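To start, the structure under review is shown below, and the notes come after it.
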Amino acid sequence: MLKGNFFHGLGYLAEGFRLIRQPGLRLFVIIPLCLNILLFALLFYLLAEFFSVLIATAMGWLPDWAWLQSLDWLFWILYGAVILLLLAYGFVIVANLIGSPFYGYLAELTEKHLTGQEVGVDGGWTQIIKDIPRALWREVQKILYYLPRALGLFLIGLIPVVNLVAAVLWFLFNSWMMALQYVDYPADNNRVSFPKLRQQLAQRRLSALGFGLPVALAAMVPVLNLFVVPAAVCGATAFWVREPRLPSTQ
(Lines give C-alpha, C1' and ligand atoms only; values in the text may rest on other atoms or scores of the structure.)
Protein backbone atom coordinates (compact mmCIF):
# COMPACT_ATOMS: atom_id res chain seq x y z
CA MET A 1 0.00 0.00 0.00
CA LEU A 2 1.28 3.47 -0.91
CA LYS A 3 2.09 5.60 2.11
CA GLY A 4 2.66 9.32 2.55
CA ASN A 5 0.86 12.46 1.45
CA PHE A 6 1.16 13.39 -2.23
CA PHE A 7 -0.16 16.93 -1.75
CA HIS A 8 2.13 17.54 1.21
CA GLY A 9 5.04 16.45 -0.96
CA LEU A 10 4.12 19.02 -3.60
CA GLY A 11 4.95 21.87 -1.22
CA TYR A 12 8.62 21.04 -0.65
CA LEU A 13 9.94 22.52 -3.90
CA ALA A 14 8.19 25.84 -3.18
CA GLU A 15 9.79 25.79 0.26
CA GLY A 16 13.13 25.11 -1.41
CA PHE A 17 12.79 28.27 -3.50
CA ARG A 18 12.14 30.22 -0.29
CA LEU A 19 15.14 28.66 1.43
CA ILE A 20 17.68 29.51 -1.30
CA ARG A 21 17.05 33.19 -0.57
CA GLN A 22 18.31 32.83 3.01
CA PRO A 23 21.56 34.81 3.59
CA GLY A 24 23.45 31.85 5.03
CA LEU A 25 22.66 29.65 2.02
CA ARG A 26 23.06 32.06 -0.89
CA LEU A 27 26.79 31.51 -1.46
CA PHE A 28 26.35 27.79 -2.00
CA VAL A 29 23.50 28.55 -4.40
CA ILE A 30 25.38 31.19 -6.40
CA ILE A 31 28.54 29.14 -7.03
CA PRO A 32 26.84 26.04 -8.54
CA LEU A 33 24.37 28.35 -10.30
CA CYS A 34 27.26 30.07 -12.12
CA LEU A 35 28.67 26.65 -13.01
CA ASN A 36 25.24 25.59 -14.27
CA ILE A 37 24.92 28.68 -16.49
CA LEU A 38 28.31 27.98 -18.08
CA LEU A 39 27.41 24.31 -18.50
CA PHE A 40 24.00 25.14 -19.99
CA ALA A 41 25.57 27.57 -22.50
CA LEU A 42 28.24 25.03 -23.45
CA LEU A 43 25.74 22.20 -23.92
CA PHE A 44 23.46 24.45 -25.98
CA TYR A 45 26.36 25.54 -28.20
CA LEU A 46 27.65 21.99 -28.74
CA LEU A 47 24.17 20.64 -29.52
CA ALA A 48 23.50 23.56 -31.89
CA GLU A 49 26.77 22.91 -33.75
CA PHE A 50 26.04 19.19 -33.93
CA PHE A 51 22.53 19.71 -35.30
CA SER A 52 23.73 22.34 -37.79
CA VAL A 53 26.10 19.78 -39.30
CA LEU A 54 23.44 17.07 -39.13
CA ILE A 55 20.82 19.22 -40.88
CA ALA A 56 23.28 20.33 -43.56
CA THR A 57 24.19 16.69 -44.19
CA ALA A 58 20.54 15.62 -44.33
CA MET A 59 19.65 18.44 -46.74
CA GLY A 60 22.59 17.41 -48.95
CA TRP A 61 21.04 13.97 -49.39
CA LEU A 62 17.78 15.42 -50.70
CA PRO A 63 17.17 16.31 -54.37
CA ASP A 64 18.15 19.88 -55.26
CA TRP A 65 14.56 21.11 -55.51
CA ALA A 66 13.93 24.61 -54.19
CA TRP A 67 10.72 23.75 -52.34
CA LEU A 68 12.33 20.69 -50.72
CA GLN A 69 15.46 22.56 -49.71
CA SER A 70 13.31 25.25 -48.10
CA LEU A 71 12.02 22.69 -45.60
CA ASP A 72 15.13 23.07 -43.45
CA TRP A 73 12.99 25.10 -41.02
CA LEU A 74 11.10 21.88 -40.26
CA PHE A 75 14.32 20.23 -39.18
CA TRP A 76 15.03 23.15 -36.84
CA ILE A 77 11.61 22.77 -35.24
CA LEU A 78 12.44 19.12 -34.59
CA TYR A 79 15.84 20.27 -33.33
CA GLY A 80 14.13 22.57 -30.83
CA ALA A 81 12.06 19.70 -29.44
CA VAL A 82 15.02 17.34 -29.24
CA ILE A 83 17.36 19.88 -27.68
CA LEU A 84 14.74 20.69 -25.04
CA LEU A 85 14.59 17.06 -23.94
CA LEU A 86 18.35 16.58 -24.11
CA LEU A 87 19.01 19.74 -22.14
CA ALA A 88 16.35 18.87 -19.57
CA TYR A 89 17.67 15.45 -18.63
CA GLY A 90 21.28 15.66 -19.82
CA PHE A 91 21.76 18.98 -18.08
CA VAL A 92 20.38 17.72 -14.75
CA ILE A 93 22.66 14.65 -14.80
CA VAL A 94 25.83 16.59 -15.68
CA ALA A 95 24.99 19.53 -13.40
CA ASN A 96 24.53 17.16 -10.47
CA LEU A 97 27.86 15.48 -11.18
CA ILE A 98 29.69 18.81 -11.25
CA GLY A 99 27.85 20.45 -8.38
CA SER A 100 27.41 17.44 -6.07
CA PRO A 101 30.05 18.54 -3.48
CA PHE A 102 28.42 21.99 -3.26
CA TYR A 103 24.93 20.53 -3.08
CA GLY A 104 25.94 18.21 -0.26
CA TYR A 105 27.20 21.17 1.74
CA LEU A 106 24.11 23.21 0.80
CA ALA A 107 21.94 20.37 2.15
CA GLU A 108 24.02 20.35 5.34
CA LEU A 109 23.59 24.12 5.85
CA THR A 110 19.88 23.86 5.08
CA GLU A 111 19.39 21.09 7.63
CA LYS A 112 21.24 23.15 10.22
CA HIS A 113 19.02 26.14 9.33
CA LEU A 114 15.85 24.06 9.74
CA THR A 115 16.80 22.14 12.87
CA GLY A 116 19.37 24.35 14.59
CA GLN A 117 21.64 21.30 14.95
CA GLU A 118 25.02 20.53 13.42
CA VAL A 119 25.10 17.83 10.74
CA GLY A 120 28.18 15.70 10.18
CA VAL A 121 31.61 17.34 10.29
CA ASP A 122 31.69 21.02 9.40
CA GLY A 123 35.00 21.52 7.64
CA GLY A 124 34.05 24.30 5.22
CA TRP A 125 35.87 24.37 1.89
CA THR A 126 38.38 21.74 3.03
CA GLN A 127 35.56 19.32 3.75
CA ILE A 128 33.93 20.07 0.38
CA ILE A 129 37.17 19.12 -1.41
CA LYS A 130 37.59 15.96 0.69
CA ASP A 131 34.00 14.93 -0.05
CA ILE A 132 34.36 15.16 -3.85
CA PRO A 133 35.17 11.44 -4.43
CA ARG A 134 32.33 10.27 -2.17
CA ALA A 135 29.87 12.73 -3.69
CA LEU A 136 30.78 11.63 -7.22
CA TRP A 137 30.38 7.95 -6.25
CA ARG A 138 26.88 8.67 -4.93
CA GLU A 139 26.01 10.27 -8.27
CA VAL A 140 27.37 7.22 -10.11
CA GLN A 141 25.19 4.95 -7.94
CA LYS A 142 22.11 6.96 -8.93
CA ILE A 143 23.02 6.74 -12.61
CA LEU A 144 23.56 2.97 -12.33
CA TYR A 145 20.16 2.67 -10.66
CA TYR A 146 18.51 4.82 -13.35
CA LEU A 147 19.94 3.38 -16.58
CA PRO A 148 18.64 -0.24 -16.54
CA ARG A 149 15.16 0.88 -15.47
CA ALA A 150 15.11 3.61 -18.11
CA LEU A 151 16.17 1.04 -20.71
CA GLY A 152 13.36 -1.29 -19.59
CA LEU A 153 10.79 1.49 -19.94
CA PHE A 154 12.21 2.40 -23.34
CA LEU A 155 11.79 -1.18 -24.55
CA ILE A 156 8.22 -1.28 -23.20
CA GLY A 157 7.57 1.92 -25.14
CA LEU A 158 8.36 0.10 -28.39
CA ILE A 159 5.47 -2.33 -27.91
CA PRO A 160 2.22 -1.16 -29.60
CA VAL A 161 -0.69 -0.40 -27.25
CA VAL A 162 1.50 -1.13 -24.22
CA ASN A 163 3.47 2.02 -25.04
CA LEU A 164 0.46 4.08 -23.91
CA VAL A 165 1.06 2.79 -20.39
CA ALA A 166 4.81 3.33 -20.79
CA ALA A 167 4.31 7.10 -21.12
CA VAL A 168 2.61 7.22 -17.71
CA LEU A 169 5.29 4.94 -16.23
CA TRP A 170 8.03 7.22 -17.61
CA PHE A 171 6.46 10.22 -15.94
CA LEU A 172 6.08 8.44 -12.58
CA PHE A 173 9.60 7.03 -12.79
CA ASN A 174 11.13 10.44 -13.51
CA SER A 175 9.25 11.91 -10.55
CA TRP A 176 10.56 9.08 -8.35
CA MET A 177 14.11 9.60 -9.64
CA MET A 178 14.00 13.33 -8.89
CA ALA A 179 13.01 12.56 -5.30
CA LEU A 180 15.81 9.99 -5.02
CA GLN A 181 18.28 12.35 -6.66
CA TYR A 182 17.83 15.23 -4.26
CA VAL A 183 16.85 13.58 -0.98
CA ASP A 184 20.10 11.66 -1.37
CA TYR A 185 22.09 14.79 -0.44
CA PRO A 186 20.78 15.11 3.14
CA ALA A 187 20.72 11.30 3.42
CA ASP A 188 24.41 11.15 2.51
CA ASN A 189 25.21 13.86 5.05
CA ASN A 190 23.55 11.69 7.69
CA ARG A 191 25.55 8.66 6.50
CA VAL A 192 22.51 6.81 5.16
CA SER A 193 23.48 4.48 2.32
CA PHE A 194 21.80 4.77 -1.08
CA PRO A 195 20.07 1.34 -0.78
CA LYS A 196 18.72 2.28 2.66
CA LEU A 197 17.52 5.65 1.32
CA ARG A 198 15.52 3.84 -1.37
CA GLN A 199 13.84 1.76 1.33
CA GLN A 200 13.02 4.82 3.42
CA LEU A 201 11.61 6.77 0.47
CA ALA A 202 9.56 3.74 -0.56
CA GLN A 203 7.89 3.93 2.86
CA ARG A 204 6.77 7.49 1.98
CA ARG A 205 6.31 6.91 -1.76
CA LEU A 206 3.33 9.24 -2.23
CA SER A 207 5.16 12.10 -0.53
CA ALA A 208 8.27 11.36 -2.61
CA LEU A 209 6.28 11.39 -5.87
CA GLY A 210 4.60 14.63 -4.81
CA PHE A 211 8.01 16.23 -4.30
CA GLY A 212 9.57 14.77 -7.46
CA LEU A 213 6.72 15.70 -9.82
CA PRO A 214 7.18 19.52 -9.85
CA VAL A 215 10.97 19.07 -9.89
CA ALA A 216 10.72 16.88 -13.01
CA LEU A 217 8.42 19.41 -14.71
CA ALA A 218 10.62 22.40 -13.80
CA ALA A 219 13.73 20.59 -15.09
CA MET A 220 12.20 20.66 -18.59
CA VAL A 221 11.81 24.45 -18.64
CA PRO A 222 14.89 26.29 -19.98
CA VAL A 223 16.36 28.92 -17.61
CA LEU A 224 14.10 27.70 -14.78
CA ASN A 225 16.09 24.48 -14.72
CA LEU A 226 19.16 26.54 -13.75
CA PHE A 227 17.49 27.52 -10.49
CA VAL A 228 15.50 24.39 -9.76
CA VAL A 229 18.54 22.30 -8.80
CA PRO A 230 19.59 24.26 -5.66
CA ALA A 231 15.91 24.81 -4.78
CA ALA A 232 15.32 21.06 -5.09
CA VAL A 233 18.30 20.36 -2.79
CA CYS A 234 16.87 22.70 -0.13
CA GLY A 235 13.34 21.33 -0.62
CA ALA A 236 14.64 17.77 -0.37
CA THR A 237 16.38 18.64 2.88
CA ALA A 238 13.07 19.96 4.26
CA PHE A 239 11.54 16.65 3.09
CA TRP A 240 14.25 14.75 4.96
CA VAL A 241 13.76 16.72 8.16
CA ARG A 242 9.96 16.65 8.26
CA GLU A 243 8.87 13.36 6.71
CA PRO A 244 8.78 10.46 9.20
CA ARG A 245 11.28 7.72 8.40
CA LEU A 246 10.47 4.19 9.48
CA PRO A 247 13.33 1.88 10.54
CA SER A 248 14.78 -0.12 7.66
CA THR A 249 17.63 -2.54 7.20
CA GLN A 250 20.72 -2.15 5.02
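Residue numbers start at 1 in each chain; chains themselves are named A, B, ... in the order of the C-alpha coordinates; ligands are numbered from 1 in the order shown.
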Which residues of range 134-198 of chain A have any atom within 9 Å of an atom in range 224-237 of chain A when counting only C-alpha atoms, and what is the closest pair of atoms for each, with the distance in Å to one decimal? Order the rows by chain and rising number and write it as JSON lines.
{"residue": "A:Met178", "atom": "CA", "partner": "A:Ala232", "partner_atom": "CA", "distance": 8.7}
{"residue": "A:Ala179", "atom": "CA", "partner": "A:Ala236", "partner_atom": "CA", "distance": 7.3}
{"residue": "A:Gln181", "atom": "CA", "partner": "A:Val233", "partner_atom": "CA", "distance": 8.9}
{"residue": "A:Tyr182", "atom": "CA", "partner": "A:Val233", "partner_atom": "CA", "distance": 5.4}
{"residue": "A:Val183", "atom": "CA", "partner": "A:Ala236", "partner_atom": "CA", "distance": 4.8}
{"residue": "A:Asp184", "atom": "CA", "partner": "A:Ala236", "partner_atom": "CA", "distance": 8.3}
{"residue": "A:Tyr185", "atom": "CA", "partner": "A:Val233", "partner_atom": "CA", "distance": 7.1}
{"residue": "A:Pro186", "atom": "CA", "partner": "A:Thr237", "partner_atom": "CA", "distance": 5.7}
{"residue": "A:Ala187", "atom": "CA", "partner": "A:Thr237", "partner_atom": "CA", "distance": 8.5}
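The interatomic distance for the pair CA of Ile143 in chain A and CA of Ile93 in chain A works out to 8.2 Å.
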Next on the checklist: Could you tell me how far CA of Ser52 in chain A sits from CA of Ala216 in chain A, in Å to one decimal place?
Outcome noted: 28.5 Å
Item to check | Residue set, range 185-236 of chain A restricted to alpha helix (DSSP H), as a ChimeraX atom specification | outcome: /A:185-189,194-202,205-218,224-236
Checklist outcome for this item: The residue from A:Leu136, A:Ala48, A:Leu201, A:Val53 with the smallest atom-to-atom distance to Gly104 in chain A, counting only C-alpha atoms, is A:Leu136
Next on the checklist: What does the structure give for the distance between CA of Glu139 in chain A and CA of Val215 in chain A, in Å to one decimal?
Outcome noted: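 Answer for the CA of Glu139 in chain A to CA of Val215 in chain A separation: 17.5 Å.
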Could you give me, as a Markdown table, a per-residue list for range 104-207 of chain A showing, wherever an atom lies at most 12 Å from an atom of range 29-37 of chain A, the closest pair of atoms and their distance in Å to one decimal, using only C-alpha atoms and sorting by chain then residue number from low to high?
| residue | atom | partner | partner_atom | distance |
| --- | --- | --- | --- | --- |
| A:Gly104 | CA | A:Val29 | CA | 11.4 |
| A:Tyr105 | CA | A:Val29 | CA | 10.3 |
| A:Leu106 | CA | A:Val29 | CA | 7.5 |
| A:Ala107 | CA | A:Val29 | CA | 10.6 |
| A:Leu109 | CA | A:Val29 | CA | 11.2 |
| A:Thr110 | CA | A:Val29 | CA | 11.2 |
Output all heavy atoms of each residue in that selection to a file, as a PDB file, in the first residue's frame.
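Full text of part_19.pdb as output:
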ATOM      1  N   GLY A 104      25.875  18.903  -1.542  1.00  0.00           N
ATOM      2  CA  GLY A 104      25.942  18.210  -0.261  1.00  0.00           C
ATOM      3  C   GLY A 104      26.123  19.189   0.888  1.00  0.00           C
ATOM      4  O   GLY A 104      25.480  19.064   1.930  1.00  0.00           O
ATOM      5  N   TYR A 105      26.986  20.178   0.687  1.00  0.00           N
ATOM      6  CA  TYR A 105      27.201  21.173   1.739  1.00  0.00           C
ATOM      7  C   TYR A 105      25.991  22.087   1.877  1.00  0.00           C
ATOM      8  O   TYR A 105      25.640  22.500   2.982  1.00  0.00           O
ATOM      9  CB  TYR A 105      28.461  21.984   1.423  1.00  0.00           C
ATOM     10  CG  TYR A 105      29.019  22.708   2.625  1.00  0.00           C
ATOM     11  CD1 TYR A 105      29.447  22.001   3.744  1.00  0.00           C
ATOM     12  CD2 TYR A 105      29.109  24.090   2.642  1.00  0.00           C
ATOM     13  CE1 TYR A 105      29.957  22.657   4.850  1.00  0.00           C
ATOM     14  CE2 TYR A 105      29.618  24.758   3.745  1.00  0.00           C
ATOM     15  CZ  TYR A 105      30.042  24.031   4.850  1.00  0.00           C
ATOM     16  OH  TYR A 105      30.536  24.685   5.946  1.00  0.00           O
ATOM     17  N   LEU A 106      25.337  22.405   0.751  1.00  0.00           N
ATOM     18  CA  LEU A 106      24.111  23.207   0.798  1.00  0.00           C
ATOM     19  C   LEU A 106      23.033  22.479   1.595  1.00  0.00           C
ATOM     20  O   LEU A 106      22.329  23.089   2.406  1.00  0.00           O
ATOM     21  CB  LEU A 106      23.615  23.496  -0.621  1.00  0.00           C
ATOM     22  CG  LEU A 106      22.263  24.226  -0.753  1.00  0.00           C
ATOM     23  CD1 LEU A 106      22.325  25.599  -0.084  1.00  0.00           C
ATOM     24  CD2 LEU A 106      21.886  24.368  -2.235  1.00  0.00           C
ATOM     25  N   ALA A 107      22.912  21.175   1.388  1.00  0.00           N
ATOM     26  CA  ALA A 107      21.941  20.374   2.148  1.00  0.00           C
ATOM     27  C   ALA A 107      22.289  20.385   3.630  1.00  0.00           C
ATOM     28  O   ALA A 107      21.400  20.460   4.492  1.00  0.00           O
ATOM     29  CB  ALA A 107      21.916  18.942   1.621  1.00  0.00           C
ATOM     30  N   LEU A 109      23.925  22.797   5.309  1.00  0.00           N
ATOM     31  CA  LEU A 109      23.590  24.121   5.855  1.00  0.00           C
ATOM     32  C   LEU A 109      22.080  24.297   5.985  1.00  0.00           C
ATOM     33  O   LEU A 109      21.597  24.915   6.942  1.00  0.00           O
ATOM     34  CB  LEU A 109      24.171  25.211   4.955  1.00  0.00           C
ATOM     35  CG  LEU A 109      25.704  25.323   4.915  1.00  0.00           C
ATOM     36  CD1 LEU A 109      26.132  26.364   3.890  1.00  0.00           C
ATOM     37  CD2 LEU A 109      26.265  25.662   6.285  1.00  0.00           C
ATOM     38  N   THR A 110      21.341  23.756   5.020  1.00  0.00           N
ATOM     39  CA  THR A 110      19.877  23.859   5.077  1.00  0.00           C
ATOM     40  C   THR A 110      19.325  23.083   6.257  1.00  0.00           C
ATOM     41  O   THR A 110      18.427  23.561   6.967  1.00  0.00           O
ATOM     42  CB  THR A 110      19.251  23.324   3.766  1.00  0.00           C
ATOM     43  OG1 THR A 110      19.794  24.043   2.653  1.00  0.00           O
ATOM     44  CG2 THR A 110      17.741  23.503   3.781  1.00  0.00           C
TER      45      THR A 110
END
Checklist entry - A:Leu2, A:Ala202, A:Ala14, A:Ala150: which is nearest Trp170 in chain A, counting only C-alpha atoms? => result A:Ala150
